[in-house]
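Chemist: Pasting a structure below so you can have a look.
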Amino acid sequence: MSTQNSLAQIGVVGLAVMGSNLARNFARNGHTVAVYNRSTDKTDKLISDYGPDGNFIPSKTIQDFVASLEKPRRAIVMVQAGKATDAVIEQLADAMDEGDIIIDGGNALYTDTIRREKEIAARGLHFVGAGISGGEEGALNGPSIMPGGPAKSYESLGPLLESIAANVDGTPCVTHIGPDGAGHFVKMVHNGIEYADMQVIGEAYHLLRYAAGMTPAEIAEVFREWNAGDLDSYLIEITAEVLSQVDAETGQPLIDVIVDAAGQKGTGRWTAKAALDLGIPVTAIGEAVFARALSGATSQRADAQGNLPTGQLSTLADLGVDRQEFVEDVRRALYASKLVAYAQGFDEIKAGSDEYDWDVDPRDLATIWRGGCIIRAKFLNRIVEAYDNDPELESLLLDPYFKGELGDLLDSWRRVIVAATRLGLPVPVFASSLSYYDSLRAERLPAALIQGQRDFFGAHTYRRVDKDGSFHTLWSADRSEVEV
């Protein structure tokens, strides 16, 4: 029931589905929740529809909303990222007192969070950029939460967040990530991994459908079987549900009536851009972002279909490949590609943490991603163990367990990519992930030639394998070498 007889422990500004569900989650867990929306209709609807969930204090103005919060005041902003977020933060800051906490729970760009934290700290307030993963269901029933900001703010905010977060093996899926933009940076990379994860699942489906000739219903059963093993994860689970769904209007598999152009809200692009700035190769994430962009290039694709030459294509029968063996190879290639995507994401988080002095603990991330979030997966437990065994691990792929797994998966991975190429089926993340793996393990890379080229046209110098220092060849003169 709603009440106005006591102060609220937490407040939520912005009562669209995510904000409304988050407020209900707090209320269901015994907290009195202040709620405010610029449009009072949404506030009224929340109280009307969900008042029995717990104690709510509705307000019609920001001033009343702030006044209804106990100190230190804690207000979560759940509005559209960008100017709308800045406007609400400014209104809250004007009405709050020193030591109060403003939490941005949206998908904000981490550099915006760094800026906002500085501005709010200068006014004597705490600002927390909190990544929240799990979608609408997670917000209501238990998300994974990644709060950044001052460690001091977590002392009063942490117990509230822990009470509503998903819980795995008695551990809440929330922890203090690090200063200023750390929480939103980690959530951004989480979403980038999600892009890659979804794309490799899509590539596996595409191969089973158009190489193995299986129906969506048959593929759904395959994914259900896969979800009982190493690939056990939320995304594999829901893939089976999507593929088994039949369209009520046409009687066709729903997958066949959905337009094959994937949308995106920006976090994948942000992850790829940040990786470029940090010099970290997140090829799986980058290819997943590009794959979505290409899927949306509908006019180009329409002009290309039937107009571009294919070369001589094969079938599985031409290649002498048994269908059941191919299905197992695809499972293994999917698993291997997922491992690369997660490893690259953790590499980017480490680089961002080093760049901004956040001191992010990768073990903590693997722990809180085990429940509530979209990329929750069984093998996150193995990632926790990897960082337990070696907190300074250079790459997840070098962990003894994952190294052993990849050794078992490699032959299947290679066979699938060769088969896909011969069949003319695109597998951008499968292929780029294997190339990344082969580049990582190679004794020599073609970068030596690139350095020679750079020195030839721009005198950019190069280093030698047999002595220290930087060198330049006098290419346009006698081609002797000089130390620079």
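Chain identifiers are assigned as A, B, and so on, following the order in which chains appear in the structure tokens; residues are numbered from 1 within each chain, and ligands are numbered from 1 in order of appearance.
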Can you pull out every residue within 7 Å of Val429 in chain A, counting only C-alpha atoms, but drop anything in the same chain fewer than 5 positions away, and send it as a VMD selection string?

Modeler: chain A and resid 200 284 287 to 288

Chemist: May I have all residues of range 238-449 of chain A that DSSP, computed from the backbone, assigns to helix (DSSP H, G or I), given as a ChimeraX atom specification?

Modeler: /A:238-244,254-257,267-278,283-295,298-304,323-356,362-368,380-389,396-398,400-423,428-441,447-449

Chemist: For the contact check between range 357-459 of chain A and range 114-138 of chain A, emit one row per residue of range 357-459 of chain A within 8 Å, containing the shortest atom pair and the distance in Å rounded to one decimal, counting only C-alpha atoms, chain then rising number order, as JSON lines.

Modeler:
{"residue": "A:Gly372", "atom": "CA", "partner": "A:Gly134", "partner_atom": "CA", "distance": 5.3}
{"residue": "A:Cys373", "atom": "CA", "partner": "A:Gly134", "partner_atom": "CA", "distance": 4.2}
{"residue": "A:Ile374", "atom": "CA", "partner": "A:Gly134", "partner_atom": "CA", "distance": 5.4}

Chemist: Calculate how many Å separate CA of Ile258 in chain A from CA of Ala212 in chain A, rounding to one decimal.

Modeler: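 Taking CA of Ile258 in chain A as the start and CA of Ala212 in chain A as the end point, the length is 21.2 Å.
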
Chemist: Using only C-alpha atoms, which of A:Phe326, A:Phe471, A:Tyr387, A:Phe430 sits nearest Glu483 in chain A?

Modeler: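 Ranking A:Phe326, A:Phe471, A:Tyr387, A:Phe430 by distance to Glu483 in chain A, first place goes to A:Phe471.
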
Chemist: Have a look at CA of Val257 in chain A and CA of Thr215 in chain A and let me know their distance in Å, one decimal.

Modeler: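 About the pair CA of Val257 in chain A and CA of Thr215 in chain A: they are 14.2 Å apart.
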